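model-v7.cif, holding mmCIF, C-alpha atoms:
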data_protein
#
loop_
_atom_site.label_atom_id
_atom_site.label_comp_id
_atom_site.auth_asym_id
_atom_site.auth_seq_id
_atom_site.Cartn_x
_atom_site.Cartn_y
_atom_site.Cartn_z
CA MET A 513 20.42 269.57 78.38
CA ASN A 514 23.23 267.81 76.53
CA SER A 515 25.85 269.36 78.78
CA VAL A 516 28.50 266.76 77.89
CA ILE A 517 28.11 267.53 74.21
CA ASP A 518 28.04 271.29 74.85
CA ASN A 519 31.36 270.97 76.65
CA LEU A 520 32.93 269.46 73.54
CA GLY A 521 32.54 272.85 71.90
CA LEU A 522 31.57 271.33 68.55
CA ASP A 523 30.50 273.65 65.79
CA LEU A 524 27.12 272.28 64.77
CA TYR A 525 25.02 272.70 61.69
CA LEU A 526 21.29 273.21 61.87
CA ASN A 527 20.91 269.41 61.80
CA GLY A 528 22.69 269.22 65.15
CA LEU A 529 25.77 267.52 63.68
CA PRO A 530 29.28 268.82 62.95
CA TYR A 531 28.84 267.68 59.33
CA LEU A 532 26.23 268.14 56.56
CA VAL A 533 24.31 264.84 56.73
CA PRO A 534 24.35 261.96 59.23
CA ILE A 535 26.85 259.19 58.47
CA HIS A 536 25.17 256.34 60.39
CA PRO A 537 22.41 255.88 57.76
CA THR A 538 25.03 255.26 55.05
CA LEU A 539 26.94 252.69 57.10
CA VAL A 540 23.68 250.92 57.89
CA HIS A 541 23.43 249.89 54.19
CA PHE A 542 26.43 247.60 54.71
CA THR A 543 25.29 246.08 57.99
CA ILE A 544 21.82 245.26 56.71
CA GLY A 545 22.54 244.52 53.05
CA LEU A 546 25.52 242.25 53.58
CA PHE A 547 24.06 240.35 56.54
CA LEU A 548 20.66 239.64 55.00
CA LEU A 549 22.39 238.46 51.81
CA ALA A 550 24.82 236.31 53.80
CA PHE A 551 21.89 234.63 55.53
CA LEU A 552 19.99 234.20 52.24
CA PHE A 553 22.98 232.60 50.51
CA ASP A 554 23.63 230.23 53.42
CA VAL A 555 19.98 229.15 53.30
CA ILE A 556 20.21 228.53 49.53
CA GLY A 557 23.41 226.56 50.11
CA ALA A 558 21.75 224.49 52.84
CA LEU A 559 18.72 223.82 50.61
CA TYR A 560 20.89 223.28 47.52
CA VAL A 561 19.11 220.07 46.47
CA PHE A 562 15.90 222.06 46.10
CA ALA A 563 17.46 225.25 44.78
CA LYS A 564 19.63 223.67 42.09
CA PRO A 565 16.83 222.53 39.73
CA LEU A 566 15.27 226.01 39.93
CA MET A 567 18.45 227.59 38.59
CA GLY A 568 18.83 225.15 35.69
CA LYS A 569 22.06 225.33 33.73
CA LEU A 570 23.14 228.54 35.44
CA ALA A 571 23.37 226.87 38.86
CA PRO A 572 26.78 227.48 40.41
CA GLY A 573 28.43 224.87 42.63
CA ARG A 574 27.18 224.52 46.16
CA ALA A 575 30.41 225.88 47.66
CA VAL A 576 29.83 229.22 45.94
CA PHE A 577 26.81 229.93 48.14
CA PHE A 578 28.81 229.17 51.26
CA ASP A 579 31.60 231.48 50.04
CA LEU A 580 28.97 234.22 49.77
CA GLY A 581 27.45 233.33 53.15
CA TRP A 582 30.81 233.52 54.88
CA TRP A 583 32.43 236.58 53.32
CA ASN A 584 29.29 238.72 53.32
CA LEU A 585 28.94 237.95 57.04
CA VAL A 586 32.55 238.97 57.66
CA GLY A 587 31.95 242.18 55.71
CA SER A 588 28.75 242.95 57.60
CA ALA A 589 30.30 242.36 61.04
CA THR A 590 33.33 244.51 60.17
CA PHE A 591 31.30 247.46 58.88
CA THR A 592 28.97 247.24 61.89
CA PHE A 593 31.68 248.44 64.29
CA ALA A 594 31.65 251.74 62.39
CA THR A 595 27.84 251.71 62.12
CA VAL A 596 27.47 251.43 65.91
CA ALA A 597 30.23 253.97 66.62
CA PHE A 598 28.66 256.64 64.40
CA GLY A 599 25.23 255.66 65.67
CA PHE A 600 26.20 256.46 69.24
CA PHE A 601 27.99 259.68 68.32
CA GLU A 602 24.95 260.93 66.41
CA MET A 603 22.57 259.70 69.13
CA PHE A 604 24.41 261.78 71.74
CA LEU A 605 23.89 264.84 69.55
CA ALA A 606 20.20 264.13 68.85
CA GLN A 607 17.37 266.35 70.08
CA PRO A 608 14.37 264.02 70.27
CA PRO A 609 10.99 265.78 70.12
CA ALA A 610 9.09 265.24 73.36
CA ALA A 611 5.45 265.20 72.30
CA GLU A 612 5.33 262.77 69.38
CA VAL A 613 5.00 259.00 69.12
CA SER A 614 6.08 256.63 66.36
CA ALA A 615 3.88 254.24 64.39
CA TRP A 616 4.60 251.72 67.17
CA GLY A 617 3.42 254.12 69.87
CA LEU A 618 6.91 254.80 71.24
CA SER A 619 8.32 258.23 72.02
CA ALA A 620 11.44 259.43 70.21
CA SER A 621 13.61 259.01 73.32
CA ARG A 622 12.30 255.52 73.97
CA THR A 623 12.82 254.54 70.31
CA MET A 624 16.37 255.89 70.45
CA LEU A 625 17.15 254.05 73.68
CA ILE A 626 15.93 250.70 72.31
CA HIS A 627 17.68 251.36 68.99
CA GLY A 628 20.97 252.09 70.78
CA VAL A 629 20.81 249.04 73.05
CA GLY A 630 19.58 246.90 70.13
CA GLY A 631 22.44 248.06 67.93
CA THR A 632 25.00 247.09 70.54
CA ILE A 633 23.43 243.64 70.95
CA ILE A 634 23.31 243.15 67.18
CA LEU A 635 27.01 244.04 66.84
CA PHE A 636 27.78 241.44 69.52
CA LEU A 637 25.60 238.84 67.76
CA LEU A 638 27.17 239.50 64.35
CA VAL A 639 30.68 239.00 65.73
CA LEU A 640 29.54 235.85 67.54
CA LEU A 641 27.89 234.50 64.37
CA ALA A 642 31.04 235.27 62.36
CA VAL A 643 33.23 233.34 64.81
CA TRP A 644 30.77 230.43 64.83
CA ARG A 645 30.48 230.48 61.03
CA GLY A 646 34.27 230.59 60.69
CA CYS A 647 34.69 227.54 62.93
CA GLN A 648 32.23 225.61 60.78
CA ARG A 649 33.89 226.70 57.53
CA TYR A 650 37.49 226.11 58.45
CA GLN A 651 37.41 223.44 61.22
CA TRP A 652 34.28 221.52 62.04
CA ARG A 653 32.69 220.98 58.65
CA VAL A 654 35.53 221.32 56.17
CA ASN A 655 34.63 218.07 54.40
CA GLN A 656 30.85 218.27 54.78
CA PRO A 657 28.74 219.12 51.74
CA ARG A 658 26.58 221.39 53.92
CA GLN A 659 28.94 223.87 55.50
CA VAL A 660 26.47 225.37 58.00
CA GLN A 661 24.82 223.70 60.99
CA ILE A 662 21.04 223.96 61.32
CA PRO A 663 21.22 225.69 64.75
CA TYR A 664 23.47 228.29 63.15
CA LEU A 665 20.82 229.02 60.53
CA PHE A 666 18.21 229.47 63.25
CA ALA A 667 20.47 231.84 65.18
CA ALA A 668 21.11 233.80 61.99
CA ALA A 669 17.35 233.93 61.30
CA VAL A 670 16.72 235.39 64.77
CA THR A 671 19.46 237.97 64.20
CA ALA A 672 17.97 238.84 60.80
CA GLY A 673 14.60 239.38 62.50
CA MET A 674 16.21 241.66 65.08
CA ILE A 675 17.90 243.63 62.30
CA VAL A 676 14.58 244.15 60.52
CA VAL A 677 12.98 245.46 63.74
CA GLN A 678 16.06 247.61 64.35
CA GLY A 679 15.88 249.02 60.83
CA GLU A 680 12.21 249.85 61.24
CA MET A 681 12.97 251.76 64.44
CA GLY A 682 15.75 253.61 62.65
CA ALA A 683 13.23 254.54 59.98
CA HIS A 684 10.91 255.87 62.72
CA LEU A 685 13.73 258.05 64.04
CA SER A 686 14.31 259.43 60.57
CA THR A 687 10.85 259.67 58.98
CA ASP A 688 8.55 260.10 62.01
CA PHE A 689 10.74 262.18 64.33
CA GLY A 690 13.07 263.88 61.85
CA ILE A 691 16.15 263.34 64.02
CA HIS A 692 19.13 265.33 62.61
CA ASN A 693 16.91 266.62 59.82
CA THR A 694 17.82 270.11 58.64
CA THR A 695 14.33 270.94 57.38
CA VAL A 696 12.58 269.61 60.48
CA ASN A 697 14.96 271.54 62.74
CA GLY A 698 14.45 274.65 60.63
CA LEU A 699 10.68 274.43 61.03
CA ARG A 700 11.07 273.78 64.75
CA LEU A 701 13.38 276.78 65.08
CA GLN A 702 10.89 279.09 63.35
CA LYS A 703 8.15 277.87 65.65
CA GLU A 704 10.20 278.28 68.83
CA ARG A 705 11.26 281.78 67.84
CA GLY A 706 7.65 282.70 67.21
CA GLU A 707 8.44 283.54 63.59
CA ALA A 708 6.05 282.91 60.73
CA VAL A 709 6.43 279.25 59.89
CA SER A 710 7.38 279.04 56.25
CA ILE A 711 8.77 276.07 54.46
CA ASP A 712 10.12 278.36 51.73
CA GLN A 713 12.22 280.44 54.11
CA LEU A 714 14.39 277.60 55.39
CA PRO A 715 18.15 277.96 55.16
CA ASP A 716 19.95 276.26 52.27
CA PRO A 717 21.73 273.27 53.80
CA PHE A 718 24.66 273.82 51.46
CA ASN A 719 25.36 277.04 53.28
CA PRO A 720 23.88 276.66 56.73
CA PRO A 721 24.42 279.03 59.62
CA ARG A 722 26.75 277.30 62.01
CA GLN A 723 25.68 277.49 65.60
CA SER A 724 26.39 275.52 68.71
CA ASN A 725 22.76 275.57 69.87
CA PRO A 726 20.62 274.65 66.86
CA THR A 727 17.19 274.75 68.46
CA GLY A 728 17.76 278.30 69.56
CA ALA A 729 16.82 277.56 73.18
CA GLU A 730 18.14 280.12 75.67
CA PRO A 731 21.50 279.06 77.13
CA MET B 669 3.57 271.26 46.15
CA GLY B 670 2.22 268.72 48.63
CA GLY B 671 -0.79 270.96 49.21
CA GLN B 672 -2.93 269.24 46.62
CA SER B 673 -2.27 265.77 47.94
CA SER B 674 -5.06 265.73 50.48
CA GLN B 675 -7.58 266.38 47.71
CA LEU B 676 -6.69 263.09 46.07
CA GLY B 677 -8.65 261.19 48.69
CA PRO B 678 -11.28 259.61 46.40
CA MET B 679 -8.59 257.62 44.56
CA LEU B 680 -8.89 254.81 47.04
CA PHE B 681 -5.97 252.64 46.00
CA PHE B 682 -3.51 255.46 45.72
CA ALA B 683 -4.58 257.56 48.66
CA LEU B 684 -1.48 259.24 50.01
CA ASN B 685 -0.48 258.48 53.59
CA GLU B 686 1.19 260.75 56.13
CA TYR B 687 4.53 260.33 54.30
CA ASN B 688 2.93 261.49 51.03
CA LEU B 689 3.31 257.94 49.71
CA PRO B 690 0.68 255.66 48.12
CA TYR B 691 1.54 252.51 50.11
CA PRO B 692 -1.32 250.80 51.97
CA PRO B 693 -0.81 249.49 55.53
CA PRO B 694 1.16 247.71 56.88
CA LEU B 695 3.57 249.49 54.53
CA SER B 696 4.02 253.12 55.33
CA GLY B 697 7.29 254.97 54.76
CA PRO B 698 9.63 255.04 51.76
CA ILE B 699 10.71 251.69 50.25
CA HIS B 700 13.48 252.95 47.97
CA PRO B 701 15.92 253.56 50.88
CA ILE B 702 15.48 249.89 51.91
CA VAL B 703 16.09 248.48 48.42
CA VAL B 704 19.26 250.52 47.95
CA HIS B 705 20.89 248.61 50.85
CA PHE B 706 21.27 245.76 48.39
CA VAL B 707 22.80 247.91 45.68
CA ILE B 708 25.22 250.02 47.71
CA ALA B 709 26.52 247.22 49.94
CA THR B 710 26.95 244.71 47.09
CA VAL B 711 28.67 247.03 44.60
CA VAL B 712 31.16 248.33 47.17
CA PHE B 713 31.80 244.89 48.64
CA SER B 714 32.15 243.33 45.18
CA VAL B 715 34.92 245.70 44.13
CA LEU B 716 36.55 245.34 47.56
CA CYS B 717 36.55 241.54 47.27
CA ASP B 718 37.88 241.63 43.70
CA SER B 719 40.72 243.90 44.80
CA ILE B 720 41.72 241.52 47.57
CA ALA B 721 41.30 238.51 45.27
CA TYR B 722 43.52 240.21 42.69
CA PHE B 723 46.44 240.09 45.10
CA THR B 724 45.67 236.98 47.18
CA ARG B 725 44.20 234.94 44.29
CA GLN B 726 41.50 233.53 46.51
CA ARG B 727 38.81 231.86 44.47
CA SER B 728 36.14 232.26 47.14
CA LEU B 729 36.57 236.05 47.17
CA ALA B 730 36.28 236.21 43.37
CA ASN B 731 33.04 234.21 43.63
CA VAL B 732 31.72 236.65 46.22
CA ALA B 733 32.63 239.61 43.98
CA TRP B 734 30.84 238.15 40.95
CA TRP B 735 27.61 237.06 42.64
CA ASN B 736 27.31 240.25 44.69
CA LEU B 737 27.63 242.21 41.45
CA LEU B 738 24.76 240.18 39.98
CA VAL B 739 22.62 240.84 43.06
CA ALA B 740 23.35 244.56 42.62
CA SER B 741 22.36 244.43 38.95
CA VAL B 742 18.94 243.01 39.83
CA ALA B 743 18.40 245.16 42.94
CA ILE B 744 19.13 248.40 41.08
CA ILE B 745 16.15 247.80 38.78
CA ILE B 746 13.84 247.49 41.80
CA ALA B 747 15.51 250.52 43.39
CA ILE B 748 14.78 252.60 40.28
CA PHE B 749 11.14 251.50 40.23
CA PHE B 750 10.49 252.60 43.80
CA GLY B 751 12.78 255.59 43.37
CA GLN B 752 10.64 256.85 40.48
CA VAL B 753 7.39 256.39 42.43
CA GLU B 754 8.77 258.18 45.48
CA ALA B 755 10.55 260.93 43.54
CA GLY B 756 7.31 261.72 41.72
CA LEU B 757 5.64 262.28 45.08
CA ALA B 758 8.60 264.04 46.69
CA ASN B 759 8.16 267.33 48.47
CA PRO B 760 11.60 268.95 48.35
CA THR B 761 11.39 272.12 50.31
CA ALA B 762 14.28 274.47 50.91
CA ALA B 763 16.17 276.13 48.08
CA GLY B 764 18.30 273.63 46.19
CA GLY B 765 16.16 270.60 46.97
CA GLU B 766 14.79 270.37 43.45
CA GLN B 767 18.31 270.45 42.00
CA VAL B 768 19.50 267.66 44.29
CA LEU B 769 16.46 265.57 43.38
CA GLY B 770 17.14 266.20 39.68
CA GLN B 771 20.78 265.15 40.04
CA HIS B 772 19.82 262.07 42.04
CA MET B 773 17.29 260.99 39.40
CA THR B 774 19.65 261.64 36.48
CA LEU B 775 22.47 259.69 38.08
CA GLY B 776 19.90 257.07 39.04
CA TRP B 777 19.32 256.37 35.35
CA ILE B 778 23.02 256.45 34.46
CA LEU B 779 24.11 254.07 37.20
CA PRO B 780 22.21 250.98 35.98
CA VAL B 781 23.80 251.33 32.54
CA LEU B 782 27.27 251.56 34.07
CA LEU B 783 26.55 248.76 36.53
CA LEU B 784 25.19 246.36 33.93
CA GLY B 785 28.15 247.25 31.70
CA LEU B 786 30.56 246.44 34.53
CA ALA B 787 28.75 243.16 35.21
CA LEU B 788 28.98 242.22 31.52
CA TRP B 789 32.70 243.06 31.48
CA ARG B 790 33.14 240.99 34.65
CA ALA B 791 31.28 238.08 33.03
CA LEU B 792 33.54 238.14 29.96
CA LEU B 793 36.70 238.32 32.09
CA ARG B 794 35.41 235.51 34.27
CA ASN B 795 34.81 233.32 31.25
CA LYS B 796 38.17 234.13 29.69
CA LEU B 797 40.40 234.09 32.74
CA GLY B 798 38.43 232.21 35.34
CA ASN B 799 38.30 228.69 34.05
CA VAL B 800 41.55 228.11 32.23
CA SER B 801 43.62 226.46 34.91
CA THR B 802 43.35 224.54 38.14
CA ASP B 803 45.90 226.92 39.59
CA PHE B 804 43.46 229.75 40.23
CA PRO B 805 44.29 232.75 38.06
CA ARG B 806 43.10 236.30 38.48
CA GLN B 807 39.52 236.79 37.35
CA VAL B 808 39.81 240.54 36.81
CA SER B 809 42.28 242.99 35.31
CA MET B 810 43.65 246.29 36.58
CA PRO B 811 41.49 248.33 34.15
CA TYR B 812 38.45 246.50 35.47
CA LEU B 813 39.37 247.34 39.05
CA GLY B 814 39.88 250.97 38.04
CA ALA B 815 36.42 251.08 36.49
CA GLY B 816 35.04 249.33 39.56
CA PHE B 817 36.44 251.96 41.92
CA ALA B 818 35.10 254.73 39.67
CA LEU B 819 31.65 253.17 39.91
CA VAL B 820 32.01 252.87 43.70
CA GLY B 821 32.77 256.58 43.76
CA LEU B 822 29.61 257.34 41.80
CA VAL B 823 27.56 255.06 44.06
CA PHE B 824 28.82 256.91 47.13
CA TYR B 825 28.02 260.27 45.50
CA GLN B 826 24.53 259.00 44.67
CA THR B 827 24.12 257.80 48.27
CA PHE B 828 25.18 261.24 49.48
CA LEU B 829 22.57 262.90 47.25
CA GLY B 830 19.86 260.53 48.51
CA THR B 831 20.90 261.12 52.11
CA MET B 832 20.66 264.88 51.46
CA LEU B 833 17.13 264.50 50.09
CA VAL B 834 16.03 262.88 53.35
CA TRP B 835 18.12 264.65 55.99
CA SER B 836 18.61 268.07 54.42
CA TYR B 837 15.39 268.55 52.49
CA GLY B 838 13.00 266.35 54.47
CA VAL B 839 11.57 264.41 51.52
CA HIS B 840 8.80 262.04 52.73
CA ILE B 841 9.49 262.96 56.34
CA ARG B 842 6.25 263.01 58.34
CA PRO B 843 6.62 266.39 60.11
CA VAL B 844 7.67 268.07 56.86
CA VAL B 845 4.83 266.52 54.84
CA GLU B 846 2.47 267.68 57.56
CA ALA B 847 3.86 271.21 57.36
CA THR B 848 3.60 271.37 53.56
CA ARG B 849 0.00 270.14 53.65
CA THR B 850 -1.40 272.32 56.39
CA GLY B 851 0.93 275.27 56.19
CA ASP B 852 1.20 274.88 59.92
CA VAL B 853 3.94 273.17 61.87
CA THR B 854 3.24 270.61 64.50
CA THR B 855 6.77 269.34 65.00
CA GLY B 856 8.96 269.67 68.04
CA SER B 857 8.18 269.85 71.71
CA GLN B 858 4.90 271.70 71.95
CA PRO B 859 4.99 274.82 74.12
#
As structure tokens, how would this structure be written, given the file I've shared?
Amino acid sequence: MNSVIDNLGLDLYLNGLPYLVPIHPTLVHFTIGLFLLAFLFDVIGALYVFAKPLMGKLAPGRAVFFDLGWWNLVGSATFTFATVAFGFFEMFLAQPPAAEVSAWGLSASRTMLIHGVGGTIILFLLVLLAVWRGCQRYQWRVNQPRQVQIPYLFAAAVTAGMIVVQGEMGAHLSTDFGIHNTTVNGLRLQKERGEAVSIDQLPDPFNPPRQSNPTGAEP
Amino acid sequence: MGGQSSQLGPMLFFALNEYNLPYPPPLSGPIHPIVVHFVIATVVFSVLCDSIAYFTRQRSLANVAWWNLLVASVAIIIAIFFGQVEAGLANPTAAGGEQVLGQHMTLGWILPVLLLGLALWRALLRNKLGNVSTDFPRQVSMPYLGAGFALVGLVFYQTFLGTMLVWSYGVHIRPVVEATRTGDVTTGSQP
């Protein structure tokens, strides 16, 4: 299996990656955090008449919320190119366990497939939303007190929902299946080699044995 | 370490699930890694926006920097709460895991002090520089940006430590929790 990756001749750690920990999960913070906040701030800006009394004297001007809605969206969409790129690289190097299912009853491979396709769609949607949002901010609604159109907010809400589902599937890949997890792979390796399975005998990830075939399957 | 957890069954409300966490359904896995989205992304993006605003003098970017920093200051408190709960129930395994967890928790208590300090500094600068003229002046100074980038560095180091806890040491990872509880391993493709 993974003949394309094998041909790259990468030196892999026990986690199946050419580096110590996966990078996709760090980039994901920016995609999710910035987008959900962008959406939240646009909603507050749209509902400013209701939100303003709640904030009392500290209430900033309405335009501030639209500044936050716009720039956080731009940030999220920009970071997401890297998120998706590293996601695919690390997905190609993954070794999904065959016998397990997630909390949603999906196998690791199926979860990964949906997560990969979903991630690509979400990147496309974020870029589309950013273009749409930019048109409203700088062209269509420059002089309107409410900078965002209602259909835009609905589209952003749908995208936010997709991102939540996507994040949950990513969590399944990490916490249920242990994809690219040094400890999980170490346990799996012990089992496949017929060694005594011991959680105390795992290699220190700071100084892991580098090998091109981490599961120890016969070439 | 996690071996005793299954004996805690009678404590109904805090019965530990398959991730060694006390959350009742529909919650299941760790919550701390979700909350930190809103700390990491906002701190980094705040300093980034302030840097660009310093040179372009765009008011909207300075607004984004300030309010994102406030979001981070609130989110970090929630992150610490869930971090403490989940660290207390962590099952670091291989050699070195305990040290990484210790570092992560120590830095986790230092970061809010630094972050709230930075936010206070930002608030004072904003008051002093931000509202003096219609021609939009800079809201932050070079020393502030320097401190901001230092904090971003610490946040990234903290993120790296947290990522190591999950992906190197398998903290709250179902197959690892299973293995620590039963002493037997049920991960991987079964032969």
Residues near Ile556 in chain A, cut-off 12 Å, all atoms listed in the file, skip fewer than 2 positions along chain, as JSON, numbers by chain
{"A": [549, 550, 551, 552, 553, 554, 558, 559, 560, 561, 562, 563, 564, 565, 566, 567, 571, 572, 573, 574, 575, 576, 577, 578, 579, 580, 581, 658, 659, 660, 665]}
Tell me as a PyMOL selection string which residues belonging to chain A come within 9 Å of chain B, counting all atoms listed in the file.
chain A and resi 527+532-535+537-538+540-546+549+575-581+583-584+587+608-612+679+683-684+686-697+699-701+703-704+709-718
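Residue membership of the PyMOL selection byres ((chain A and resi 634-647) around 7) in the shown file amounts to Trp582, Leu585, Val586, Ala589, Thr592, Phe593, Gly630, Gly631, Thr632, Ile633, Gln648, Arg649, Tyr650, Gln651 and Trp652 of chain A.
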With the file shown as input, list the residues that the PyMOL selection byres ((chain B and resi 811-821) around 8) selects, as an MDAnalysis selection string.
chainID B and resid 711:712 715 718:719 782:783 786 789:790 808:810 822:825
Between CA of Ser588 in chain A and CA of Thr623 in chain A, distance in Å (one decimal)
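Between CA of Ser588 in chain A and CA of Thr623 in chain A the gap is 23.4 Å.
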Enumerate, as a ChimeraX atom specification, the residues matched when the PyMOL selection byres ((chain A and resi 624) around 10) is run on the file above.
/A:600,603,606,608,618-623,625-630,681-682,684-685,691
Could you jot down the CA of Gln826 in chain B to CA of His772 in chain B separation for me, Å, one decimal place?
6.2 Å
Residue with smallest distance to Arg806 in chain B - pool B:Phe749, B:Leu793, B:Val845, B:Ile778, counting only C-alpha atoms
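With only C-alpha atoms as the atom set, the closest residue is B:Leu793.
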How far is it from CA of Val596 in chain A to CA of His536 in chain A, in Å with one decimal?
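We find that CA of Val596 in chain A and CA of His536 in chain A lie 7.7 Å from each other.
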